[in-house]
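These notes are about the structure you will find just below.
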Amino acid sequence: MSQRVEFELKATDGAARTGVISTPRGEIRTPAFMPVGTAATVKAMMPESVRATGADILLGNTYHLMLRPGAERIDRLGGLHRFMNWERPILTDSGGFQVMSLAGLRKLTERGVTFKSHIDGSKHELTPERSMEIQRLLGSDIVMCFDECPALPADRKRIAESMRLSMRWAERSREAFGDRPGHTLFGIMQGGLEPDLREESAEALKAIGFDGYAVGGLAVGEGQAAMFDCLDYAPGFLPANKPRYLMGVGKPDDIVGAVKRGIDMMDCVLPSRSGRTGQVFTRRGVVNIKNARHADDPRPLDEACSCPACSNYSRAYLHHVFRAQEMISGMLLTWHNLHYFQEIMQGMRQAIAEGRFAAWEEVFHGTRTLGDIEPV
């Protein structure tokens, strides 16, 4: 196994790509979907269950882990991998998204961000240097630069100022990260929906030099059409021989559309959050298990799915335990959703390798338009 983090591009089909990111903790097959383990856990899942769905890598959250239980504590306890019993690769975000989402609790300067904890109101500061320190203490394999991301829509002046601040922070992040064999740092492109600002951001990041690049500042309110318009050009500004990560995406059709446009990695809380609220993703579209139509249905959620929820339980049972607010409901539905998302990724990897991505995509969309099976 490589003692460095390296990316090998195996095949392309149009703009879609498949490859492998090799790390000391294991290989990440791309396109890759990363389940989100915000507070050192993928909610309602055991780590071995997450692995059983096909996940090669998890995402941890710098902001939440620095507040509770604290990065220094996790370091003393052996690092995030040991702490959460996940020995495969972990990517940690920088805290930049929370800087945006907690705008009402923060103060932004050139140095960084000061903010009040959403837990207890205590004051904290995040800077590029502190973000790199926290992620070092956590021991994450893939570290993200500290950035600032405005919610969309925003005016061009605000987007440009934010992007250029993020590029200055990227340079400070690179310097603070240093040389850490076995770990790697990704830069984050910003620039909203402005092609020239995206290109300016990409050029700044390439001049600094990173082992991977994220497309940030999307899935923040602009809508799918605008996001896809941006992805039609933005990945092309980034080096073809480095992995490309679209942050915070998304729904199944968002993921497929992103891969079609050259994205290699994605993350989103959607499959786990939806599982806990009774929303299930299937190849025929979205199913709301809370609906009364499932109460007497002995069939599985998806007869073609091999996850435990579909293999061992009926829609009637899943409807019952959701309505009864039993914990097993969130566990089974989250497992199913994560299994389905990983099934999509495997399907795309194989289709790209075999040069039939367009045909795979047509079947994917065609099956989803059928809608759920008829009620009993």
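A note on labels: chains of the structure tokens are A, B, ... as shown, every chain counts residues from 1, and ligands are counted from 1 in their shown order.
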
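The protein and nucleic acid residues lying at most 8 Å from region 66-83 of chain A are A:Ala39, A:Ala40, A:Arg88, A:Ile90, A:Ser117, A:Ile134, A:Gln135, A:Leu137, A:Leu138, A:Gly139, A:Ser140, with only C-alpha atoms considered and sequence neighbours fewer than 5 positions away removed.
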
Once you have the residues from the selection above, write them out as a PDB file, in the first residue's frame, restricted to C-alpha atoms.
ATOM      1  CA  ALA A  39     -19.526  14.100  15.190  1.00  0.00           C
ATOM      2  CA  ALA A  40     -17.310  11.023  14.702  1.00  0.00           C
ATOM      3  CA  ARG A  88      -9.982   3.455   6.522  1.00  0.00           C
ATOM      4  CA  ILE A  90     -11.121  10.018   6.548  1.00  0.00           C
ATOM      5  CA  SER A 117     -20.571  27.984  19.783  1.00  0.00           C
ATOM      6  CA  ILE A 134      -7.215  20.788  14.401  1.00  0.00           C
ATOM      7  CA  GLN A 135      -7.155  18.526  11.346  1.00  0.00           C
ATOM      8  CA  LEU A 137      -4.745  16.537  15.743  1.00  0.00           C
ATOM      9  CA  LEU A 138      -7.680  14.590  14.322  1.00  0.00           C
ATOM     10  CA  GLY A 139      -5.271  12.697  12.052  1.00  0.00           C
ATOM     11  CA  SER A 140      -7.408  12.932   8.910  1.00  0.00           C
TER      12      SER A 140
END

Run DSSP on the backbone and tell me which residues of region 69-285 of chain A come out as strand (DSSP E); list them as an NGL selection string. :A and (90-92 or 106-108 or 113-116 or 123-126 or 142-144 or 184-189 or 212-215 or 244-246 or 265-268 or 279-282 or 285)

Store the residues picked out above, limited to N, CA and C atoms, as a CSV table (one decimal), in the first residue's frame.
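Here's the written file part17.csv:
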chain,number,residue,atom,x,y,z
A,90,ILE,N,-10.2,9.0,6.1
A,90,ILE,CA,-11.1,10.0,6.5
A,90,ILE,C,-10.7,11.3,5.9
A,91,LEU,N,-11.7,12.0,5.4
A,91,LEU,CA,-11.5,13.4,4.9
A,91,LEU,C,-12.2,14.3,6.0
A,92,THR,N,-11.5,15.4,6.4
A,92,THR,CA,-12.2,16.4,7.2
A,92,THR,C,-12.3,17.7,6.5
A,106,ARG,N,-21.0,35.0,14.0
A,106,ARG,CA,-19.6,35.1,13.6
A,106,ARG,C,-19.2,36.5,13.4
A,107,LYS,N,-17.8,36.7,13.4
A,107,LYS,CA,-17.2,37.9,12.9
A,107,LYS,C,-16.1,37.5,12.0
A,108,LEU,N,-16.1,38.0,10.8
A,108,LEU,CA,-15.1,37.7,9.8
A,108,LEU,C,-14.1,38.8,9.6
A,113,VAL,N,-12.0,33.8,11.5
A,113,VAL,CA,-13.4,33.9,12.0
A,113,VAL,C,-13.5,33.7,13.5
A,114,THR,N,-14.1,34.6,14.2
A,114,THR,CA,-14.5,34.4,15.6
A,114,THR,C,-16.0,34.2,15.6
A,115,PHE,N,-16.4,33.2,16.5
A,115,PHE,CA,-17.8,32.9,16.5
A,115,PHE,C,-18.2,32.3,17.9
A,116,LYS,N,-19.5,32.3,18.1
A,116,LYS,CA,-20.0,31.7,19.3
A,116,LYS,C,-20.5,30.3,19.0
A,123,LYS,N,-16.9,31.4,23.1
A,123,LYS,CA,-16.3,32.1,21.9
A,123,LYS,C,-15.1,31.2,21.4
A,124,HIS,N,-15.0,31.2,20.1
A,124,HIS,CA,-13.9,30.4,19.5
A,124,HIS,C,-13.4,31.2,18.3
A,125,GLU,N,-12.1,30.9,17.9
A,125,GLU,CA,-11.6,31.5,16.7
A,125,GLU,C,-11.1,30.4,15.8
A,126,LEU,N,-11.4,30.5,14.5
A,126,LEU,CA,-10.9,29.6,13.5
A,126,LEU,C,-10.1,30.4,12.5
A,142,ILE,N,-7.2,13.2,4.4
A,142,ILE,CA,-7.3,14.3,3.4
A,142,ILE,C,-7.8,15.5,4.2
A,143,VAL,N,-7.0,16.5,4.1
A,143,VAL,CA,-7.3,17.8,4.9
A,143,VAL,C,-7.8,18.8,3.9
A,144,MET,N,-8.8,19.6,4.3
A,144,MET,CA,-9.3,20.7,3.4
A,144,MET,C,-8.8,22.0,3.9
A,184,THR,N,-2.7,14.5,3.0
A,184,THR,CA,-2.6,15.3,1.9
A,184,THR,C,-3.6,16.5,2.1
A,185,LEU,N,-3.4,17.6,1.4
A,185,LEU,CA,-4.2,18.8,1.5
A,185,LEU,C,-4.8,19.2,0.2
A,186,PHE,N,-6.1,19.4,0.2
A,186,PHE,CA,-6.9,19.8,-1.0
A,186,PHE,C,-7.2,21.3,-0.9
A,187,GLY,N,-7.0,22.0,-2.0
A,187,GLY,CA,-7.5,23.4,-2.2
A,187,GLY,C,-8.9,23.4,-2.6
A,188,ILE,N,-9.6,24.6,-2.3
A,188,ILE,CA,-11.0,24.7,-2.6
A,188,ILE,C,-11.2,25.9,-3.6
A,189,MET,N,-11.7,25.6,-4.8
A,189,MET,CA,-12.1,26.6,-5.7
A,189,MET,C,-13.4,27.3,-5.3
A,212,GLY,N,-5.0,17.7,-4.5
A,212,GLY,CA,-6.4,17.5,-5.0
A,212,GLY,C,-7.1,18.9,-4.9
A,213,TYR,N,-8.3,19.0,-5.6
A,213,TYR,CA,-8.9,20.2,-5.6
A,213,TYR,C,-10.4,20.0,-5.5
A,214,ALA,N,-11.1,20.9,-4.7
A,214,ALA,CA,-12.5,20.8,-4.5
A,214,ALA,C,-13.2,22.0,-5.2
A,215,VAL,N,-14.4,21.7,-5.7
A,215,VAL,CA,-15.2,22.8,-6.2
A,215,VAL,C,-16.2,23.2,-5.1
A,244,ARG,N,-10.9,15.6,-8.1
A,244,ARG,CA,-11.8,16.7,-8.0
A,244,ARG,C,-13.0,16.4,-7.1
A,245,TYR,N,-13.2,17.2,-6.2
A,245,TYR,CA,-14.2,17.0,-5.1
A,245,TYR,C,-15.3,18.0,-5.1
A,246,LEU,N,-16.5,17.6,-5.3
A,246,LEU,CA,-17.7,18.6,-5.2
A,246,LEU,C,-18.2,18.5,-3.8
A,265,MET,N,-15.3,13.0,-6.4
A,265,MET,CA,-15.7,12.8,-5.0
A,265,MET,C,-16.8,13.7,-4.6
A,266,MET,N,-17.7,13.2,-3.8
A,266,MET,CA,-18.8,13.9,-3.2
A,266,MET,C,-19.1,13.5,-1.8
A,267,ASP,N,-19.8,14.4,-1.1
A,267,ASP,CA,-20.3,14.0,0.3
A,267,ASP,C,-21.6,14.7,0.5
A,268,CYS,N,-22.5,14.1,1.3
A,268,CYS,CA,-23.7,14.7,1.7
A,268,CYS,C,-24.3,14.0,2.9
A,279,GLN,N,-37.6,9.1,4.7
A,279,GLN,CA,-37.4,9.3,3.3
A,279,GLN,C,-36.4,8.3,2.7
A,280,VAL,N,-36.9,7.5,1.7
A,280,VAL,CA,-36.0,6.4,1.2
A,280,VAL,C,-35.8,6.6,-0.3
A,281,PHE,N,-34.5,6.4,-0.7
A,281,PHE,CA,-34.1,6.6,-2.1
A,281,PHE,C,-34.1,5.2,-2.7
A,282,THR,N,-34.8,5.0,-3.8
A,282,THR,CA,-34.8,3.7,-4.5
A,282,THR,C,-34.5,4.0,-6.0
A,285,GLY,N,-37.1,6.0,-7.6
A,285,GLY,CA,-37.4,7.3,-7.0
A,285,GLY,C,-37.5,7.3,-5.5

I need the residues of region 82-301 of chain A that end up classed as helix (DSSP H, G or I) by DSSP on the backbone, written out as a PyMOL selection string. chain A and resi 82-84+96-101+103-105+128-138+156-177+195-208+224-231+234-237+252-260+270-276+292-294

Create the file for the chosen residues now, containing C-alpha atoms and written as an mmCIF file, in the first residue's frame.
data_model
loop_
_atom_site.group_PDB
_atom_site.id
_atom_site.type_symbol
_atom_site.label_atom_id
_atom_site.label_comp_id
_atom_site.auth_asym_id
_atom_site.auth_seq_id
_atom_site.Cartn_x
_atom_site.Cartn_y
_atom_site.Cartn_z
ATOM 1 C CA ARG A 82 -9.160 4.916 16.562
ATOM 2 C CA PHE A 83 -11.659 7.088 18.426
ATOM 3 C CA MET A 84 -14.530 6.210 16.058
ATOM 4 C CA GLY A 96 -15.545 26.866 6.291
ATOM 5 C CA PHE A 97 -19.103 25.763 5.578
ATOM 6 C CA GLN A 98 -20.094 26.393 9.198
ATOM 7 C CA VAL A 99 -18.572 29.858 8.844
ATOM 8 C CA MET A 100 -21.269 30.470 6.225
ATOM 9 C CA SER A 101 -24.127 28.655 7.947
ATOM 10 C CA ALA A 103 -23.281 33.844 9.830
ATOM 11 C CA GLY A 104 -25.434 35.208 12.648
ATOM 12 C CA LEU A 105 -22.897 34.077 15.271
ATOM 13 C CA PRO A 128 -6.279 28.787 8.433
ATOM 14 C CA GLU A 129 -3.527 27.894 10.885
ATOM 15 C CA ARG A 130 -5.927 26.688 13.593
ATOM 16 C CA SER A 131 -7.952 24.680 11.065
ATOM 17 C CA MET A 132 -4.757 22.917 9.929
ATOM 18 C CA GLU A 133 -3.815 22.268 13.571
ATOM 19 C CA ILE A 134 -7.215 20.788 14.401
ATOM 20 C CA GLN A 135 -7.155 18.526 11.346
ATOM 21 C CA ARG A 136 -3.607 17.419 12.224
ATOM 22 C CA LEU A 137 -4.745 16.537 15.743
ATOM 23 C CA LEU A 138 -7.680 14.590 14.322
ATOM 24 C CA ARG A 156 -20.484 39.678 -7.876
ATOM 25 C CA LYS A 157 -18.494 42.050 -5.647
ATOM 26 C CA ARG A 158 -19.221 39.927 -2.555
ATOM 27 C CA ILE A 159 -18.357 36.704 -4.413
ATOM 28 C CA ALA A 160 -15.067 38.149 -5.723
ATOM 29 C CA GLU A 161 -13.998 39.459 -2.316
ATOM 30 C CA SER A 162 -14.848 36.149 -0.680
ATOM 31 C CA MET A 163 -13.000 34.125 -3.307
ATOM 32 C CA ARG A 164 -9.838 36.226 -3.032
ATOM 33 C CA LEU A 165 -9.913 35.990 0.750
ATOM 34 C CA SER A 166 -10.220 32.205 0.416
ATOM 35 C CA MET A 167 -7.206 32.156 -1.918
ATOM 36 C CA ARG A 168 -5.130 34.061 0.650
ATOM 37 C CA TRP A 169 -6.317 31.612 3.284
ATOM 38 C CA ALA A 170 -5.428 28.716 0.948
ATOM 39 C CA GLU A 171 -1.824 29.948 0.809
ATOM 40 C CA ARG A 172 -1.718 30.196 4.607
ATOM 41 C CA SER A 173 -3.292 26.737 4.887
ATOM 42 C CA ARG A 174 -0.642 25.296 2.567
ATOM 43 C CA GLU A 175 2.160 26.835 4.639
ATOM 44 C CA ALA A 176 0.652 25.705 7.949
ATOM 45 C CA PHE A 177 0.012 22.172 6.668
ATOM 46 C CA PRO A 195 -16.754 31.714 -14.906
ATOM 47 C CA ASP A 196 -13.924 34.264 -14.792
ATOM 48 C CA LEU A 197 -13.818 34.208 -10.997
ATOM 49 C CA ARG A 198 -13.795 30.390 -11.017
ATOM 50 C CA GLU A 199 -10.864 30.460 -13.434
ATOM 51 C CA GLU A 200 -9.027 33.065 -11.340
ATOM 52 C CA SER A 201 -9.528 30.896 -8.257
ATOM 53 C CA ALA A 202 -8.287 27.766 -10.034
ATOM 54 C CA GLU A 203 -5.163 29.541 -11.270
ATOM 55 C CA ALA A 204 -4.396 30.797 -7.757
ATOM 56 C CA LEU A 205 -4.774 27.291 -6.324
ATOM 57 C CA LYS A 206 -2.599 25.708 -9.027
ATOM 58 C CA ALA A 207 0.113 28.285 -8.353
ATOM 59 C CA ILE A 208 0.108 27.297 -4.664
ATOM 60 C CA GLN A 224 -29.500 22.195 -9.808
ATOM 61 C CA ALA A 225 -29.586 23.875 -13.248
ATOM 62 C CA ALA A 226 -27.225 26.637 -12.129
ATOM 63 C CA MET A 227 -24.960 24.110 -10.393
ATOM 64 C CA PHE A 228 -24.727 21.993 -13.540
ATOM 65 C CA ASP A 229 -24.054 25.091 -15.655
ATOM 66 C CA CYS A 230 -21.088 25.848 -13.382
ATOM 67 C CA LEU A 231 -19.873 22.240 -13.488
ATOM 68 C CA ALA A 234 -15.380 24.652 -13.536
ATOM 69 C CA PRO A 235 -13.770 21.162 -13.328
ATOM 70 C CA GLY A 236 -11.954 21.873 -16.600
ATOM 71 C CA PHE A 237 -10.019 24.682 -14.906
ATOM 72 C CA PRO A 252 -28.832 10.871 -6.649
ATOM 73 C CA ASP A 253 -29.433 12.857 -9.837
ATOM 74 C CA ASP A 254 -27.090 15.618 -8.561
ATOM 75 C CA ILE A 255 -24.369 13.009 -8.071
ATOM 76 C CA VAL A 256 -24.816 11.451 -11.510
ATOM 77 C CA GLY A 257 -24.854 14.872 -13.163
ATOM 78 C CA ALA A 258 -21.684 15.879 -11.325
ATOM 79 C CA VAL A 259 -19.816 12.724 -12.334
ATOM 80 C CA LYS A 260 -20.960 13.252 -15.920
ATOM 81 C CA LEU A 270 -28.838 13.448 2.722
ATOM 82 C CA PRO A 271 -28.908 9.609 2.783
ATOM 83 C CA SER A 272 -28.485 9.441 6.567
ATOM 84 C CA ARG A 273 -30.664 12.435 7.425
ATOM 85 C CA SER A 274 -33.413 11.256 5.099
ATOM 86 C CA GLY A 275 -33.262 7.746 6.546
ATOM 87 C CA ARG A 276 -33.989 9.118 10.004
ATOM 88 C CA ALA A 292 -50.336 4.920 5.078
ATOM 89 C CA ARG A 293 -50.172 3.086 1.736
ATOM 90 C CA HIS A 294 -47.293 0.974 3.137
#

Nearest candidate to Arg349 (chain A) (options A:His336, A:Lys10, A:Arg4, A:His365; using only C-alpha atoms):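 When distances to Arg349 (chain A) are compared using only C-alpha atoms, the smallest one comes from A:Lys10.
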
So which residues touch Ala16 (chain A) within 8 Å, counting only C-alpha atoms, skipping near sequence neighbours fewer than 6 positions away, as a VMD selection string? chain A and resid 259 to 263 352 357

Using N, CA, C and O atoms, can you export the residues from the last selection as a compact mmCIF listing (two decimals), in the first residue's frame?
# COMPACT_ATOMS: atom_id res chain seq x y z
N VAL A 259 -20.79 13.67 -11.77
CA VAL A 259 -19.82 12.72 -12.33
C VAL A 259 -19.76 12.87 -13.85
O VAL A 259 -18.68 12.85 -14.45
N LYS A 260 -20.90 13.05 -14.46
CA LYS A 260 -20.96 13.25 -15.92
C LYS A 260 -20.09 14.44 -16.34
O LYS A 260 -19.56 14.47 -17.46
N ARG A 261 -19.93 15.40 -15.44
CA ARG A 261 -19.20 16.63 -15.74
C ARG A 261 -17.78 16.63 -15.18
O ARG A 261 -17.14 17.68 -15.15
N GLY A 262 -17.29 15.48 -14.73
CA GLY A 262 -15.88 15.37 -14.38
C GLY A 262 -15.52 15.39 -12.92
O GLY A 262 -14.35 15.57 -12.56
N ILE A 263 -16.51 15.18 -12.03
CA ILE A 263 -16.26 15.18 -10.59
C ILE A 263 -15.93 13.76 -10.12
O ILE A 263 -16.52 12.79 -10.58
N ILE A 352 -18.17 3.66 -16.66
CA ILE A 352 -17.10 4.50 -17.22
C ILE A 352 -15.96 3.63 -17.72
O ILE A 352 -15.43 3.83 -18.82
N PHE A 357 -21.08 4.91 -20.21
CA PHE A 357 -21.69 5.76 -19.19
C PHE A 357 -23.02 6.35 -19.68
O PHE A 357 -23.99 6.42 -18.91

Could you tell me which of A:Arg315, A:Lys251, A:Lys43, A:Arg180 comes closest to Asp297 (chain A) if we count only C-alpha atoms? A:Arg315

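Remark: for Val5 (chain A), the closest of the candidate residues A:Thr41, A:Ala55, A:Asp141, A:Thr127 is A:Asp141 (distances computed over only C-alpha atoms).
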
Using only C-alpha atoms, which residues sit within 12 Å of Ile57 (chain A) once same-chain residues fewer than 3 positions away are excluded, as an mmCIF file with N, CA, C and O atoms, in the first residue's frame?
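part19.cif, written as the output of this step:
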data_model
loop_
_atom_site.group_PDB
_atom_site.id
_atom_site.type_symbol
_atom_site.label_atom_id
_atom_site.label_comp_id
_atom_site.auth_asym_id
_atom_site.auth_seq_id
_atom_site.Cartn_x
_atom_site.Cartn_y
_atom_site.Cartn_z
ATOM 1 N N ILE A 21 -7.715 6.673 -5.585
ATOM 2 C CA ILE A 21 -6.848 7.443 -4.708
ATOM 3 C C ILE A 21 -6.250 6.455 -3.717
ATOM 4 O O ILE A 21 -6.973 5.806 -2.962
ATOM 5 N N SER A 22 -4.931 6.309 -3.752
ATOM 6 C CA SER A 22 -4.239 5.379 -2.849
ATOM 7 C C SER A 22 -3.734 6.143 -1.628
ATOM 8 O O SER A 22 -3.109 7.203 -1.761
ATOM 9 N N THR A 23 -4.027 5.619 -0.448
ATOM 10 C CA THR A 23 -3.558 6.211 0.800
ATOM 11 C C THR A 23 -2.982 5.108 1.675
ATOM 12 O O THR A 23 -3.255 3.922 1.446
ATOM 13 N N ARG A 25 -3.997 4.198 4.402
ATOM 14 C CA ARG A 25 -5.098 3.515 5.081
ATOM 15 C C ARG A 25 -6.033 2.775 4.126
ATOM 16 O O ARG A 25 -7.031 2.202 4.576
ATOM 17 N N GLY A 26 -5.722 2.776 2.848
ATOM 18 C CA GLY A 26 -6.549 2.030 1.908
ATOM 19 C C GLY A 26 -6.858 2.826 0.658
ATOM 20 O O GLY A 26 -6.602 4.033 0.573
ATOM 21 N N GLU A 27 -7.413 2.130 -0.317
ATOM 22 C CA GLU A 27 -7.740 2.744 -1.607
ATOM 23 C C GLU A 27 -9.148 3.322 -1.598
ATOM 24 O O GLU A 27 -10.067 2.771 -0.984
ATOM 25 N N ILE A 28 -9.307 4.438 -2.292
ATOM 26 C CA ILE A 28 -10.604 5.090 -2.481
ATOM 27 C C ILE A 28 -10.929 5.005 -3.961
ATOM 28 O O ILE A 28 -10.250 5.611 -4.796
ATOM 29 N N ARG A 29 -11.952 4.234 -4.281
ATOM 30 C CA ARG A 29 -12.357 4.094 -5.683
ATOM 31 C C ARG A 29 -13.191 5.306 -6.074
ATOM 32 O O ARG A 29 -14.091 5.702 -5.359
ATOM 33 N N THR A 30 -12.854 5.887 -7.233
ATOM 34 C CA THR A 30 -13.603 7.060 -7.695
ATOM 35 C C THR A 30 -14.341 6.737 -8.998
ATOM 36 O O THR A 30 -13.843 5.938 -9.798
ATOM 37 N N PRO A 31 -15.518 7.347 -9.189
ATOM 38 C CA PRO A 31 -16.186 8.322 -8.333
ATOM 39 C C PRO A 31 -16.521 7.723 -6.967
ATOM 40 O O PRO A 31 -16.929 6.573 -6.869
ATOM 41 N N ALA A 32 -16.354 8.550 -5.927
ATOM 42 C CA ALA A 32 -16.560 8.117 -4.549
ATOM 43 C C ALA A 32 -17.600 8.991 -3.868
ATOM 44 O O ALA A 32 -17.549 10.218 -3.992
ATOM 45 N N PHE A 33 -18.525 8.334 -3.153
ATOM 46 C CA PHE A 33 -19.438 9.073 -2.283
ATOM 47 C C PHE A 33 -18.995 8.859 -0.851
ATOM 48 O O PHE A 33 -18.828 7.718 -0.407
ATOM 49 N N MET A 34 -18.824 9.961 -0.112
ATOM 50 C CA MET A 34 -18.352 9.899 1.262
ATOM 51 C C MET A 34 -19.517 10.122 2.221
ATOM 52 O O MET A 34 -20.057 11.233 2.294
ATOM 53 N N PRO A 35 -19.941 9.109 2.974
ATOM 54 C CA PRO A 35 -20.929 9.347 4.021
ATOM 55 C C PRO A 35 -20.383 10.333 5.050
ATOM 56 O O PRO A 35 -19.175 10.370 5.309
ATOM 57 N N VAL A 36 -21.274 11.119 5.623
ATOM 58 C CA VAL A 36 -20.851 12.175 6.542
ATOM 59 C C VAL A 36 -20.954 11.690 7.988
ATOM 60 O O VAL A 36 -22.037 11.320 8.442
ATOM 61 N N GLY A 37 -19.816 11.697 8.674
ATOM 62 C CA GLY A 37 -19.768 11.361 10.094
ATOM 63 C C GLY A 37 -19.478 12.604 10.907
ATOM 64 O O GLY A 37 -18.397 12.746 11.479
ATOM 65 N N VAL A 42 -21.422 8.192 11.700
ATOM 66 C CA VAL A 42 -22.494 8.303 10.712
ATOM 67 C C VAL A 42 -23.762 7.926 11.467
ATOM 68 O O VAL A 42 -23.924 6.781 11.897
ATOM 69 N N PRO A 47 -19.700 1.657 12.314
ATOM 70 C CA PRO A 47 -18.682 1.829 11.268
ATOM 71 C C PRO A 47 -18.578 0.622 10.338
ATOM 72 O O PRO A 47 -18.444 0.783 9.117
ATOM 73 N N VAL A 50 -21.290 0.804 7.804
ATOM 74 C CA VAL A 50 -20.996 1.785 6.750
ATOM 75 C C VAL A 50 -20.062 1.167 5.718
ATOM 76 O O VAL A 50 -20.263 1.310 4.509
ATOM 77 N N ARG A 51 -19.050 0.460 6.196
ATOM 78 C CA ARG A 51 -18.119 -0.199 5.282
ATOM 79 C C ARG A 51 -18.842 -1.246 4.441
ATOM 80 O O ARG A 51 -18.571 -1.395 3.241
ATOM 81 N N ALA A 52 -19.786 -1.959 5.043
ATOM 82 C CA ALA A 52 -20.524 -3.003 4.329
ATOM 83 C C ALA A 52 -21.366 -2.433 3.188
ATOM 84 O O ALA A 52 -21.669 -3.144 2.231
ATOM 85 N N THR A 53 -21.724 -1.154 3.258
ATOM 86 C CA THR A 53 -22.473 -0.542 2.148
ATOM 87 C C THR A 53 -21.582 -0.297 0.930
ATOM 88 O O THR A 53 -22.089 -0.038 -0.158
ATOM 89 N N GLY A 54 -20.263 -0.333 1.129
ATOM 90 C CA GLY A 54 -19.333 -0.088 0.024
ATOM 91 C C GLY A 54 -18.536 1.184 0.151
ATOM 92 O O GLY A 54 -17.772 1.530 -0.748
ATOM 93 N N GLY A 60 -15.388 13.713 8.219
ATOM 94 C CA GLY A 60 -15.569 14.217 9.576
ATOM 95 C C GLY A 60 -15.620 15.730 9.561
ATOM 96 O O GLY A 60 -15.109 16.370 8.640
ATOM 97 N N HIS A 81 -9.422 8.125 13.789
ATOM 98 C CA HIS A 81 -9.661 6.763 13.288
ATOM 99 C C HIS A 81 -9.896 5.786 14.437
ATOM 100 O O HIS A 81 -10.868 5.022 14.423
ATOM 101 N N TRP A 86 -12.846 3.528 12.851
ATOM 102 C CA TRP A 86 -12.864 3.507 11.384
ATOM 103 C C TRP A 86 -11.418 3.620 10.928
ATOM 104 O O TRP A 86 -10.815 4.694 11.000
ATOM 105 N N GLU A 87 -10.839 2.517 10.472
ATOM 106 C CA GLU A 87 -9.414 2.498 10.136
ATOM 107 C C GLU A 87 -9.135 2.806 8.672
ATOM 108 O O GLU A 87 -7.990 2.790 8.248
ATOM 109 N N ARG A 88 -10.171 3.085 7.919
ATOM 110 C CA ARG A 88 -9.982 3.455 6.522
ATOM 111 C C ARG A 88 -9.840 4.977 6.411
ATOM 112 O O ARG A 88 -9.877 5.688 7.425
ATOM 113 N N PRO A 89 -9.659 5.510 5.197
ATOM 114 C CA PRO A 89 -9.426 6.956 5.065
ATOM 115 C C PRO A 89 -10.569 7.821 5.597
ATOM 116 O O PRO A 89 -11.743 7.438 5.552
ATOM 117 N N ILE A 90 -10.188 8.988 6.098
ATOM 118 C CA ILE A 90 -11.121 10.018 6.548
ATOM 119 C C ILE A 90 -10.715 11.339 5.915
ATOM 120 O O ILE A 90 -9.527 11.703 5.908
ATOM 121 N N LEU A 91 -11.682 12.049 5.384
ATOM 122 C CA LEU A 91 -11.505 13.429 4.935
ATOM 123 C C LEU A 91 -12.186 14.330 5.960
ATOM 124 O O LEU A 91 -13.308 14.041 6.390
ATOM 125 N N THR A 92 -11.514 15.393 6.370
ATOM 126 C CA THR A 92 -12.152 16.366 7.248
ATOM 127 C C THR A 92 -12.334 17.674 6.500
ATOM 128 O O THR A 92 -11.422 18.141 5.812
ATOM 129 N N SER A 140 -6.716 13.239 10.169
ATOM 130 C CA SER A 140 -7.408 12.932 8.910
ATOM 131 C C SER A 140 -6.417 12.733 7.773
ATOM 132 O O SER A 140 -5.337 13.326 7.738
ATOM 133 N N ASP A 141 -6.805 11.879 6.842
ATOM 134 C CA ASP A 141 -5.946 11.547 5.705
ATOM 135 C C ASP A 141 -5.981 12.634 4.640
ATOM 136 O O ASP A 141 -4.956 12.952 4.035
ATOM 137 N N ILE A 142 -7.166 13.171 4.385
ATOM 138 C CA ILE A 142 -7.338 14.259 3.427
ATOM 139 C C ILE A 142 -7.833 15.471 4.193
ATOM 140 O O ILE A 142 -8.894 15.440 4.826
ATOM 141 N N MET A 265 -15.323 13.014 -6.438
ATOM 142 C CA MET A 265 -15.670 12.773 -5.037
ATOM 143 C C MET A 265 -16.821 13.683 -4.633
ATOM 144 O O MET A 265 -16.887 14.834 -5.080
ATOM 145 N N MET A 266 -17.698 13.167 -3.762
ATOM 146 C CA MET A 266 -18.819 13.939 -3.247
ATOM 147 C C MET A 266 -19.109 13.516 -1.815
ATOM 148 O O MET A 266 -18.736 12.425 -1.402
ATOM 149 N N ASP A 267 -19.800 14.376 -1.073
ATOM 150 C CA ASP A 267 -20.293 14.021 0.256
ATOM 151 C C ASP A 267 -21.631 14.702 0.467
ATOM 152 O O ASP A 267 -21.919 15.736 -0.136
ATOM 153 N N GLN A 342 -24.054 3.985 -2.657
ATOM 154 C CA GLN A 342 -22.825 3.293 -3.049
ATOM 155 C C GLN A 342 -23.048 2.411 -4.277
ATOM 156 O O GLN A 342 -22.134 2.228 -5.095
#

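Proximity ranking of A:Tyr233, A:Tyr313, A:Ala44, A:Gln350 relative to Met327 (chain A) places A:Ala44 first, based on only C-alpha atoms.
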
If you count only C-alpha atoms, which residues fall within 9 Å of Pro300 (chain A), apart from same-chain ones fewer than 4 positions away, as JSON, numbers by chain? {"A": [305, 309, 310, 311, 312, 313, 314, 315, 316]}
